[in-house]
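Data block for structure-v4.csv (CSV, C-alpha atoms):
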chain,number,residue,atom,x,y,z
L,1,MET,CA,10.5,22.4,-7.9
L,2,ASN,CA,10.5,18.8,-6.8
L,3,THR,CA,7.4,18.6,-4.6
L,4,GLU,CA,7.9,14.8,-3.9
L,5,HIS,CA,11.5,15.0,-2.5
L,6,TRP,CA,10.3,14.0,1.0
L,7,ILE,CA,9.0,10.6,-0.3
L,8,ASP,CA,12.5,9.1,-0.6
L,9,GLY,CA,13.2,9.7,3.1
L,10,LYS,CA,9.9,8.1,4.1
L,11,LEU,CA,10.6,5.0,2.0
L,12,GLU,CA,14.1,4.7,3.3
L,13,SER,CA,12.8,4.9,6.9
L,14,LEU,CA,10.4,2.0,6.2
L,15,ARG,CA,13.2,-0.1,4.7
L,16,LYS,CA,15.4,0.4,7.8
L,17,GLU,CA,12.6,-0.9,10.0
L,18,ASP,CA,11.8,-3.8,7.8
L,19,LEU,CA,8.4,-2.3,7.2
L,20,ASP,CA,8.5,-1.6,3.4
L,21,ARG,CA,6.0,-3.5,1.3
L,22,ARG,CA,5.7,-4.5,-2.4
L,23,LEU,CA,2.8,-5.6,-4.5
L,24,VAL,CA,3.4,-9.2,-5.7
L,25,MET,CA,1.3,-10.6,-8.6
L,26,TYR,CA,-0.1,-14.1,-8.5
L,27,PRO,CA,-1.6,-16.0,-11.4
L,28,VAL,CA,-4.9,-17.0,-9.6
L,29,SER,CA,-6.5,-16.8,-6.2
L,30,GLY,CA,-7.2,-19.7,-3.8
L,31,GLY,CA,-5.6,-21.9,-1.2
L,32,LYS,CA,-3.4,-23.7,-3.7
L,33,LEU,CA,-1.5,-21.9,-6.5
L,34,ASN,CA,0.4,-23.1,-9.4
L,35,ILE,CA,3.3,-20.7,-9.9
L,36,GLY,CA,5.5,-21.7,-12.8
L,37,ASP,CA,5.9,-25.4,-12.6
L,38,ARG,CA,5.4,-25.6,-8.8
L,39,LEU,CA,2.4,-26.0,-6.6
L,40,TYR,CA,2.2,-23.7,-3.5
L,41,LEU,CA,0.0,-24.0,-0.4
L,42,ASN,CA,-1.4,-20.5,0.1
L,43,PHE,CA,-2.0,-19.7,3.7
L,44,SER,CA,-2.6,-16.0,3.1
L,45,SER,CA,-6.0,-16.3,1.5
L,46,ASN,CA,-9.3,-15.3,3.1
L,47,ASP,CA,-11.2,-17.7,0.8
L,48,TYR,CA,-11.9,-19.9,3.8
L,49,LEU,CA,-14.5,-22.2,2.2
L,50,ASP,CA,-12.6,-22.4,-1.2
L,51,LEU,CA,-15.6,-20.9,-3.0
L,52,SER,CA,-14.1,-18.2,-5.2
L,53,ASN,CA,-13.4,-20.7,-7.9
L,54,HIS,CA,-16.3,-23.1,-7.2
L,55,PRO,CA,-18.3,-23.9,-10.4
L,56,LEU,CA,-21.6,-23.1,-8.8
L,57,ILE,CA,-20.5,-19.8,-7.5
L,58,ILE,CA,-19.0,-18.8,-10.9
L,59,GLN,CA,-22.3,-19.9,-12.5
L,60,ALA,CA,-24.3,-17.7,-10.1
L,61,ALA,CA,-22.1,-14.7,-10.8
L,62,THR,CA,-22.4,-15.3,-14.6
L,63,GLU,CA,-26.1,-15.5,-14.5
L,64,ALA,CA,-26.4,-12.3,-12.5
L,65,ALA,CA,-24.2,-10.5,-15.1
L,66,GLN,CA,-26.3,-11.9,-17.9
L,67,SER,CA,-29.5,-10.7,-16.1
L,68,TYR,CA,-28.4,-7.3,-14.7
L,69,GLY,CA,-25.2,-6.4,-16.4
L,70,THR,CA,-21.7,-6.1,-15.0
L,71,GLY,CA,-22.3,-2.9,-13.0
L,72,SER,CA,-25.2,-1.3,-11.2
L,73,GLY,CA,-24.8,2.0,-12.9
L,74,ALA,CA,-25.6,4.3,-10.1
L,75,SER,CA,-25.6,4.9,-6.3
L,76,ARG,CA,-28.3,3.2,-4.2
L,77,LEU,CA,-30.4,6.3,-3.8
L,78,LEU,CA,-30.5,7.0,-7.6
L,79,THR,CA,-31.1,4.1,-9.9
L,80,GLY,CA,-28.5,1.7,-8.5
L,81,THR,CA,-30.8,-0.4,-6.4
L,82,LEU,CA,-31.7,-3.4,-8.6
L,83,ARG,CA,-33.9,-6.3,-7.7
L,84,ILE,CA,-30.8,-8.4,-6.9
L,85,HIS,CA,-29.8,-6.0,-4.2
L,86,ASP,CA,-33.1,-6.3,-2.5
L,87,GLU,CA,-33.1,-10.1,-2.9
L,88,LEU,CA,-29.6,-10.5,-1.3
L,89,GLU,CA,-30.5,-8.1,1.5
L,90,THR,CA,-33.5,-10.2,2.3
L,91,GLN,CA,-31.5,-13.4,2.2
L,92,LEU,CA,-28.7,-11.9,4.4
L,93,ALA,CA,-31.3,-10.7,7.0
L,94,LYS,CA,-32.7,-14.2,7.2
L,95,PHE,CA,-29.2,-15.7,7.2
L,96,LYS,CA,-28.2,-13.6,10.2
L,97,LYS,CA,-31.7,-13.7,11.9
L,98,TYR,CA,-32.1,-9.9,11.8
L,99,PRO,CA,-35.1,-7.9,10.6
L,100,ALA,CA,-33.1,-6.1,7.9
L,101,ALA,CA,-29.8,-5.9,6.0
L,102,LEU,CA,-28.1,-3.2,4.0
L,103,LEU,CA,-25.3,-3.8,1.4
L,104,PHE,CA,-22.1,-1.8,1.0
L,105,GLY,CA,-19.3,-1.9,-1.5
L,106,SER,CA,-16.9,-3.7,0.9
L,107,GLY,CA,-16.5,-4.6,4.6
L,108,TYR,CA,-14.3,-1.5,5.0
L,109,MET,CA,-17.1,0.7,3.5
L,110,ALA,CA,-19.7,-0.9,5.8
L,111,ASN,CA,-17.7,0.1,8.9
L,112,ALA,CA,-16.9,3.5,7.4
L,113,GLY,CA,-20.5,4.0,6.5
L,114,VAL,CA,-22.2,2.7,9.7
L,115,ILE,CA,-20.2,4.3,12.6
L,116,PRO,CA,-20.3,7.9,11.5
L,117,ALA,CA,-24.0,7.6,10.7
L,118,ILE,CA,-24.9,6.7,14.3
L,119,VAL,CA,-22.4,8.6,16.5
L,120,GLY,CA,-20.8,12.1,16.3
L,121,ARG,CA,-18.7,14.5,18.2
L,122,ASN,CA,-20.8,14.5,21.3
L,123,ASP,CA,-20.8,10.7,21.6
L,124,VAL,CA,-18.4,8.1,23.0
L,125,VAL,CA,-17.1,4.9,21.3
L,126,PHE,CA,-15.5,2.0,23.1
L,127,ALA,CA,-13.4,-0.2,20.8
L,128,ASP,CA,-11.3,-3.3,21.4
L,129,ARG,CA,-7.6,-2.5,21.4
L,130,LEU,CA,-7.2,-4.9,18.4
L,131,ALA,CA,-10.2,-3.7,16.4
L,132,HIS,CA,-9.6,-3.6,12.6
L,133,ALA,CA,-8.2,-0.5,11.0
L,134,SER,CA,-11.6,0.1,9.2
L,135,ILE,CA,-13.3,0.4,12.6
L,136,LEU,CA,-10.7,2.9,13.9
L,137,ASP,CA,-10.8,4.9,10.7
L,138,ALA,CA,-14.6,5.0,10.9
L,139,ILE,CA,-14.5,6.3,14.5
L,140,ALA,CA,-12.1,9.0,13.4
L,141,LEU,CA,-14.5,10.0,10.7
L,142,SER,CA,-17.3,10.2,13.2
L,143,ARG,CA,-15.4,12.6,15.4
L,144,ALA,CA,-16.7,10.8,18.4
L,145,ARG,CA,-14.5,10.4,21.5
L,146,LEU,CA,-12.7,7.1,21.4
L,147,HIS,CA,-11.7,4.8,24.3
L,148,ARG,CA,-9.9,1.6,23.4
L,149,PHE,CA,-10.3,-1.1,26.0
L,150,ARG,CA,-7.7,-3.8,26.6
L,151,HIS,CA,-8.1,-6.7,24.2
L,152,ASN,CA,-11.1,-8.9,25.3
L,153,ASP,CA,-10.9,-7.4,28.8
L,154,VAL,CA,-14.5,-7.1,30.0
L,155,GLU,CA,-13.5,-5.5,33.3
L,156,ASN,CA,-11.6,-2.8,31.6
L,157,LEU,CA,-14.5,-2.1,29.3
L,158,ASN,CA,-16.9,-1.9,32.3
L,159,ASP,CA,-14.6,0.6,34.0
L,160,LEU,CA,-14.5,2.8,31.0
L,161,LEU,CA,-18.3,2.6,30.4
L,162,ALA,CA,-18.9,3.6,34.0
L,163,ARG,CA,-17.2,6.9,33.4
L,164,TYR,CA,-20.0,8.0,31.0
L,165,PRO,CA,-23.3,7.4,32.7
L,166,HIS,CA,-25.1,9.8,30.2
L,167,GLY,CA,-25.1,10.3,26.5
L,168,ARG,CA,-24.9,8.0,23.5
L,169,LYS,CA,-22.4,5.2,23.8
L,170,LEU,CA,-21.3,2.6,21.2
L,171,ILE,CA,-19.2,-0.5,21.9
L,172,VAL,CA,-17.4,-2.0,18.8
L,173,THR,CA,-15.6,-5.3,18.6
L,174,GLU,CA,-14.9,-8.1,16.2
L,175,SER,CA,-16.2,-11.5,16.9
L,176,VAL,CA,-13.2,-13.3,15.4
L,177,PHE,CA,-10.1,-11.2,15.4
L,178,SER,CA,-8.4,-11.1,12.1
L,179,MET,CA,-4.8,-11.1,13.3
L,180,ASN,CA,-5.0,-13.2,16.4
L,181,GLY,CA,-7.7,-15.7,15.4
L,182,ASP,CA,-9.2,-15.6,18.9
L,183,LEU,CA,-12.9,-14.9,19.8
L,184,ALA,CA,-14.5,-12.0,21.6
L,185,PRO,CA,-16.4,-12.7,24.9
L,186,LEU,CA,-19.6,-11.5,23.2
L,187,ARG,CA,-22.0,-12.7,25.9
L,188,GLU,CA,-20.2,-10.7,28.5
L,189,ILE,CA,-19.9,-7.6,26.3
L,190,ALA,CA,-23.6,-7.8,25.4
L,191,GLY,CA,-24.4,-7.9,29.1
L,192,LEU,CA,-22.3,-4.7,29.7
L,193,ALA,CA,-24.0,-3.0,26.7
L,194,ALA,CA,-27.4,-3.7,28.2
L,195,HIS,CA,-26.3,-2.6,31.7
L,196,HIS,CA,-24.8,0.7,30.5
L,197,GLU,CA,-27.5,1.3,27.9
L,198,ALA,CA,-24.9,1.3,25.1
L,199,LEU,CA,-25.3,0.4,21.4
L,200,LEU,CA,-23.3,-2.7,20.4
L,201,MET,CA,-21.8,-3.3,17.0
L,202,VAL,CA,-20.0,-6.5,16.1
L,203,ASP,CA,-17.8,-7.0,13.0
L,204,GLU,CA,-18.2,-10.6,11.9
L,205,ALA,CA,-16.0,-10.5,8.8
L,206,HIS,CA,-14.0,-13.5,9.8
L,207,ALA,CA,-16.9,-15.4,11.4
L,208,ILE,CA,-19.3,-15.4,8.5
L,209,GLY,CA,-19.3,-18.8,6.8
L,210,VAL,CA,-17.1,-20.3,9.5
L,211,PHE,CA,-19.1,-20.2,12.8
L,212,GLY,CA,-22.7,-20.7,13.7
L,213,PRO,CA,-25.6,-22.5,12.0
L,214,GLN,CA,-24.9,-22.6,8.2
L,215,GLY,CA,-22.0,-20.2,8.8
L,216,GLY,CA,-24.2,-17.5,10.2
L,217,GLY,CA,-21.6,-16.2,12.6
L,218,LEU,CA,-21.0,-16.2,16.3
L,219,VAL,CA,-23.8,-13.7,17.0
L,220,ARG,CA,-26.2,-16.2,15.6
L,221,GLU,CA,-24.5,-19.2,17.2
L,222,TRP,CA,-24.8,-17.6,20.6
L,223,GLU,CA,-28.3,-16.1,19.9
L,224,LEU,CA,-27.3,-12.5,20.6
L,225,GLU,CA,-29.3,-10.9,17.8
L,226,ARG,CA,-31.5,-8.9,20.2
L,227,SER,CA,-28.4,-7.7,22.1
L,228,VAL,CA,-26.2,-6.7,19.1
L,229,ASN,CA,-27.7,-3.7,17.4
L,230,LEU,CA,-25.5,-3.8,14.4
L,231,CYS,CA,-23.8,-6.9,12.9
L,232,VAL,CA,-21.3,-6.1,10.1
L,233,GLY,CA,-20.2,-8.8,7.6
L,234,THR,CA,-18.3,-9.3,4.4
L,235,LEU,CA,-19.0,-11.2,1.2
L,236,SER,CA,-15.3,-11.2,0.3
L,237,LYS,CA,-13.9,-13.9,2.6
L,238,ALA,CA,-15.7,-17.2,3.2
L,239,MET,CA,-18.4,-16.2,0.7
L,240,GLY,CA,-15.8,-16.1,-2.1
L,241,SER,CA,-17.2,-12.8,-3.6
L,242,TYR,CA,-16.9,-9.1,-2.8
L,243,GLY,CA,-18.9,-6.6,-0.8
L,244,GLY,CA,-20.0,-5.8,2.7
L,245,PHE,CA,-23.2,-5.6,4.7
L,246,VAL,CA,-24.8,-4.7,8.0
L,247,THR,CA,-27.7,-6.5,9.6
L,248,CYS,CA,-29.9,-4.5,12.0
L,249,SER,CA,-33.4,-3.3,12.8
L,250,GLU,CA,-35.7,-1.8,10.2
L,251,ARG,CA,-35.5,1.7,11.7
L,252,MET,CA,-31.7,1.5,11.9
L,253,LYS,CA,-31.6,0.5,8.3
L,254,GLU,CA,-33.8,3.5,7.5
L,255,LEU,CA,-31.4,5.8,9.4
L,256,LEU,CA,-28.4,4.4,7.6
L,257,ILE,CA,-30.0,4.9,4.2
L,258,ASN,CA,-30.5,8.5,5.0
L,259,ARG,CA,-27.2,9.2,6.8
L,260,SER,CA,-24.5,6.8,5.6
L,261,ARG,CA,-22.2,8.7,3.3
L,262,ALA,CA,-20.4,5.5,2.2
L,263,LEU,CA,-23.8,4.3,0.9
L,264,ILE,CA,-25.2,7.5,-0.5
L,265,TYR,CA,-22.1,8.6,-2.4
L,266,SER,CA,-20.9,5.2,-3.8
L,267,THR,CA,-22.0,3.3,-6.8
L,268,ALA,CA,-24.0,0.2,-5.7
L,269,PRO,CA,-22.2,-3.1,-5.6
L,270,PRO,CA,-22.1,-4.9,-9.0
L,271,PRO,CA,-24.6,-7.7,-9.8
L,272,PRO,CA,-22.0,-10.5,-10.5
L,273,ALA,CA,-20.6,-10.1,-6.9
L,274,LEU,CA,-24.1,-10.3,-5.5
L,275,GLY,CA,-25.0,-13.3,-7.6
L,276,ALA,CA,-21.9,-15.1,-6.3
L,277,ALA,CA,-22.8,-14.2,-2.7
L,278,MET,CA,-26.3,-15.6,-3.3
L,279,GLY,CA,-24.7,-18.8,-4.7
L,280,ALA,CA,-22.6,-19.1,-1.6
L,281,LEU,CA,-25.6,-18.8,0.7
L,282,ALA,CA,-27.4,-21.5,-1.2
L,283,LEU,CA,-24.3,-23.8,-1.1
L,284,LEU,CA,-24.0,-23.3,2.7
L,285,ALA,CA,-27.6,-24.1,3.2
L,286,ALA,CA,-27.2,-27.3,1.2
L,287,HIS,CA,-23.9,-28.2,2.9
L,288,PRO,CA,-24.2,-27.0,6.5
L,289,ALA,CA,-21.2,-29.2,7.7
L,290,LEU,CA,-18.6,-27.1,5.7
L,291,PRO,CA,-17.9,-24.7,8.6
L,292,THR,CA,-17.3,-27.6,11.0
L,293,ILE,CA,-15.0,-29.3,8.6
L,294,LEU,CA,-12.9,-26.1,8.2
L,295,LEU,CA,-12.7,-25.6,12.0
L,296,ASN,CA,-11.6,-29.2,12.5
L,297,ARG,CA,-8.8,-28.9,10.0
L,298,ALA,CA,-7.7,-25.6,11.6
L,299,ALA,CA,-7.6,-27.4,15.0
L,300,LEU,CA,-5.4,-30.1,13.6
L,301,PHE,CA,-2.9,-27.6,12.2
L,302,ARG,CA,-3.0,-25.4,15.3
L,303,GLY,CA,-2.6,-28.4,17.6
L,304,LEU,CA,0.6,-29.6,15.8
L,305,LEU,CA,2.2,-26.1,16.1
L,306,GLU,CA,1.3,-25.7,19.7
L,307,ARG,CA,2.6,-29.1,20.7
L,308,ALA,CA,5.9,-28.2,19.1
L,309,GLY,CA,6.0,-25.1,21.3
L,310,LEU,CA,5.0,-22.4,18.9
L,311,ASN,CA,3.0,-19.4,20.2
L,312,THR,CA,-0.4,-19.2,18.3
L,313,LEU,CA,-1.8,-16.4,20.5
L,314,ASN,CA,-4.8,-18.2,21.8
L,315,SER,CA,-6.2,-18.8,18.3
L,316,GLN,CA,-9.6,-20.5,18.3
L,317,SER,CA,-10.5,-20.2,14.7
L,318,GLN,CA,-9.4,-20.8,11.1
L,319,ILE,CA,-6.8,-18.0,11.6
L,320,VAL,CA,-3.6,-19.4,13.2
L,321,PRO,CA,-0.9,-16.9,13.9
L,322,VAL,CA,2.7,-17.8,14.8
L,323,LEU,CA,4.3,-15.1,16.9
L,324,MET,CA,7.8,-14.1,15.8
L,325,GLY,CA,8.4,-10.8,17.5
L,326,SER,CA,10.8,-9.0,15.2
L,327,ASN,CA,9.9,-7.8,11.7
L,328,ALA,CA,13.2,-9.3,10.3
L,329,LYS,CA,12.5,-12.7,11.8
L,330,ALA,CA,9.0,-12.8,10.4
L,331,LEU,CA,10.2,-11.8,6.9
L,332,ASP,CA,13.0,-14.3,7.0
L,333,LEU,CA,10.7,-17.2,8.0
L,334,SER,CA,8.2,-16.2,5.4
L,335,ARG,CA,10.9,-16.3,2.7
L,336,ARG,CA,12.2,-19.7,3.8
L,337,LEU,CA,8.7,-21.2,3.8
L,338,ARG,CA,8.1,-19.8,0.3
L,339,GLU,CA,11.2,-21.6,-0.8
L,340,ARG,CA,9.6,-24.8,0.5
L,341,GLY,CA,6.3,-24.2,-1.3
L,342,ILE,CA,4.3,-22.5,1.5
L,343,LEU,CA,3.0,-18.9,1.1
L,344,ALA,CA,2.6,-17.3,4.5
L,345,ILE,CA,3.0,-13.5,4.3
L,346,ALA,CA,4.6,-11.7,7.3
L,347,ILE,CA,2.3,-9.5,9.2
L,348,ARG,CA,4.0,-6.4,10.6
L,349,PRO,CA,3.1,-3.0,12.2
L,350,PRO,CA,1.0,-0.9,11.8
L,351,THR,CA,-1.4,-3.8,11.1
L,352,ILE,CA,-0.4,-5.3,14.5
L,353,PRO,CA,1.3,-3.7,17.6
L,354,GLN,CA,5.1,-3.1,17.6
L,355,GLY,CA,7.1,-6.1,18.6
L,356,SER,CA,4.4,-8.6,17.7
L,357,ALA,CA,5.3,-9.4,14.1
L,358,ARG,CA,4.0,-12.8,13.0
L,359,LEU,CA,3.1,-15.2,10.3
L,360,ARG,CA,-0.7,-15.6,9.9
L,361,PHE,CA,-1.9,-18.9,8.6
L,362,SER,CA,-5.4,-18.8,7.1
L,363,ILE,CA,-6.7,-22.4,6.8
L,364,THR,CA,-9.1,-23.0,3.9
L,365,LEU,CA,-11.0,-26.0,2.6
L,366,ALA,CA,-8.5,-26.1,-0.3
L,367,HIS,CA,-6.1,-27.5,2.3
L,368,THR,CA,-6.5,-31.2,3.0
L,369,GLU,CA,-5.5,-32.8,6.3
L,370,GLU,CA,-2.4,-34.2,4.5
L,371,ASP,CA,-1.5,-30.7,3.3
L,372,LEU,CA,-1.9,-29.3,6.8
L,373,ILE,CA,0.2,-32.0,8.4
L,374,ARG,CA,3.0,-31.6,5.9
L,375,ALA,CA,2.9,-27.8,6.2
L,376,ALA,CA,2.9,-27.9,10.0
L,377,ASN,CA,6.0,-30.1,9.9
L,378,ILE,CA,7.8,-27.7,7.6
L,379,VAL,CA,6.8,-24.7,9.7
L,380,ILE,CA,8.0,-26.4,12.9
L,381,ALA,CA,11.3,-27.3,11.3
L,382,GLU,CA,12.0,-23.8,10.0
L,383,ALA,CA,10.8,-22.2,13.2
L,384,GLN,CA,13.2,-24.3,15.2
L,385,SER,CA,16.1,-22.9,13.3
L,386,GLU,CA,14.9,-19.5,14.5
L,387,ASN,CA,14.8,-20.8,18.1
L,388,LEU,CA,11.1,-20.2,18.4
L,389,THR,CA,10.1,-23.5,19.9

Mind turning the file's structure into structure tokens?
Amino acid sequence: MNTEHWIDGKLESLRKEDLDRRLVMYPVSGGKLNIGDRLYLNFSSNDYLDLSNHPLIIQAATEAAQSYGTGSGASRLLTGTLRIHDELETQLAKFKKYPAALLFGSGYMANAGVIPAIVGRNDVVFADRLAHASILDAIALSRARLHRFRHNDVENLNDLLARYPHGRKLIVTESVFSMNGDLAPLREIAGLAAHHEALLMVDEAHAIGVFGPQGGGLVREWELERSVNLCVGTLSKAMGSYGGFVTCSERMKELLINRSRALIYSTAPPPPALGAAMGALALLAAHPALPTILLNRAALFRGLLERAGLNTLNSQSQIVPVLMGSNAKALDLSRRLRERGILAIAIRPPTIPQGSARLRFSITLAHTEEDLIRAANIVIAEAQSENLT
């Protein structure tokens, strides 16, 4: 009996809707790639500060491997908590201006580990309509009741919160939205959390290393540490490494250590990744202007696109989307840009809502101002052929 006969129909349905996907192998990572005999500008990398191949970061990872080995060998509650885990957690807490920090295997695992540990079937979670898939999956795992408020709509959030005057409530948002590149109104949301006595959790995956003093994020830039109960971050984007973390109070950390299944039942993050992250923190402390340089370059690129009439969806960050609408148009423009030496992968549902397919340009410090001007001119020329301007 063929128990997989149904797969062909599923795959064919995806192809008809221009939603099928393939894994594509690349020779290296980073904002510039040599493929064959051609140099490509890669705008689909999260290596915002161009650190994943930085000699100092590689050296820090190598030294950690030499000191602790390539793996931690156990979960955190067995023998997997090494001195380097404690050292990095201490540094991350200081970096984010919180009393404590707790490491996870990835940013996805941090969200999946935190939310089900603090809310359950009798609680209510309010999440931004565009919150990351890991947040929505974590809420589903928690079995809490979910209400999704309109994107960055504080009035809508307030109305939803008012319906639940009693019981435990959790508000979850990103600070920099990964697909739109816009910023959450964190001050207003924090005010609502205080007024309605709700917990507040902010995912800063795309703000770490980019916004705030020494790249400490928007929560730190706006001094909201006392208002945001849980601040999730990742080491795999601007930090050029891999792993996730949450910063919080000491007693919240104690609760997570005892209740977070993603922490309890996973092998602890490997020492080389932690060493690389510590190297990135040291480099940011020594070069605090890096985030400003990145944001200035992103503003240059975004400004060129907007002046040509392209819709960048209110981007205010290093993430600059170009709205296409249809999946087919996004795929076609991505293909034509690749032919001209620009890698910008089409973003399609279910990652974003139906009818909002786009190209998502991630600006990194590997891209010079000259690179960005040239790339913007190419994007504009190709988009004009699609009648997008």

Please report as a tab-separated table every residue of segment 231-289 of chain L lying within 12 Å of segment 362-369 of chain L, along with the nearest atom pair and their distance in Å (one decimal), using all atoms listed in the file.
residue	atom	partner	partner_atom	distance
L:Lys237	CA	L:Thr364	CA	10.4
L:Ala238	CA	L:Thr364	CA	8.8
L:Met239	CA	L:Thr364	CA	12.0
L:Gly240	CA	L:Thr364	CA	11.3
L:Ala289	CA	L:Leu365	CA	11.8

Measure the distance from atom CA of Ser178 of chain L to atom CA of Arg148 of chain L in Å and round it to one decimal.
->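 According to the coordinates, atom CA of Ser178 of chain L and atom CA of Arg148 of chain L are separated by 17.1 Å.
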
Go through segment 251-370 of chain L and flag each residue having an atom no more than 12 Å from segment 125-134 of chain L; for those, report the closest pair of atoms plus their distance in Å to one decimal, using only C-alpha atoms, ordered by chain and rising number, as a Markdown table.
| residue | atom | partner | partner_atom | distance |
| --- | --- | --- | --- | --- |
| L:Pro349 | CA | L:Ala133 | CA | 11.6 |
| L:Pro350 | CA | L:Ala133 | CA | 9.2 |
| L:Thr351 | CA | L:Ala133 | CA | 7.6 |
| L:Ile352 | CA | L:Leu130 | CA | 7.8 |
| L:Pro353 | CA | L:Leu130 | CA | 8.6 |

- Task: Write out as a count of residues only the residues lying within 6 Å of Gly105 of chain L, counting all atoms listed in the file and excluding same-chain residues fewer than 5 positions away.
- Result: 3

Using only C-alpha atoms, find the one residue out of L:Ser29, L:Thr247, L:Gln214, L:Ser334 that sits nearest to Glu382 of chain L.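 Once distances to Glu382 of chain L are computed over only C-alpha atoms, the minimum belongs to L:Ser334.
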
Q) Interatomic distance between atom CA of Ser52 of chain L and atom CA of Leu77 of chain L? A)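 Computing the Euclidean distance for atom CA of Ser52 of chain L and atom CA of Leu77 of chain L yields 29.5 Å.
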
Exercise for review: Compile the contact shell of Lys329 of chain L as a list in words: residues with an atom at most 9 Å away, counting all atoms listed in the file, same-chain residues fewer than 4 positions apart removed.
Suggested key: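 Contacts, with the query itself left out: Met324, Gly325, Leu333, Ser334, Ala357, Arg358 and Glu386 of chain L.
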
Rounded to one decimal in Å, what is the spacing between atom CA of Ser142 of chain L and atom CA of Asn122 of chain L?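 Calculated distance between atom CA of Ser142 of chain L and atom CA of Asn122 of chain L is 9.8 Å.
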
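The shortest atom-to-atom distance to Arg168 of chain L, with only C-alpha atoms taken into account, belongs to L:Ala193 out of L:Met109, L:Ala285, L:Val320, L:Ala193.
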
Surrounding residues of Asn152 of chain L excluding itself and chain neighbours under 3 positions, 10 Å, all atoms listed in the file, as number ranges by chain:
L: 128-130, 149, 155-157, 173-174, 182-186, 188-189

Of L:Ala144, L:Leu310, L:Leu19, L:Ala344, the one sitting nearest Leu323 of chain L when using only C-alpha atoms is L:Leu310

message: Counting all atoms listed in the file, which residues have an atom no more than 8 Å from (-6.5, -30.7, 10.7) in the file's coordinates? Please list them as a PyMOL selection string.
response: chain L and resi 296-302+368-369+372-373

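Of the residues listed (L:Val124, L:Ala346, L:Ala194, L:Ile135), L:Ile135 shows the shortest atom-to-atom separation from Val172 of chain L; distances use only C-alpha atoms.
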
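When all atoms listed in the file are used to measure the gap to Arg15 of chain L, the shortest distance among L:Leu82, L:Leu160, L:Leu224, L:Ala328 belongs to L:Ala328.
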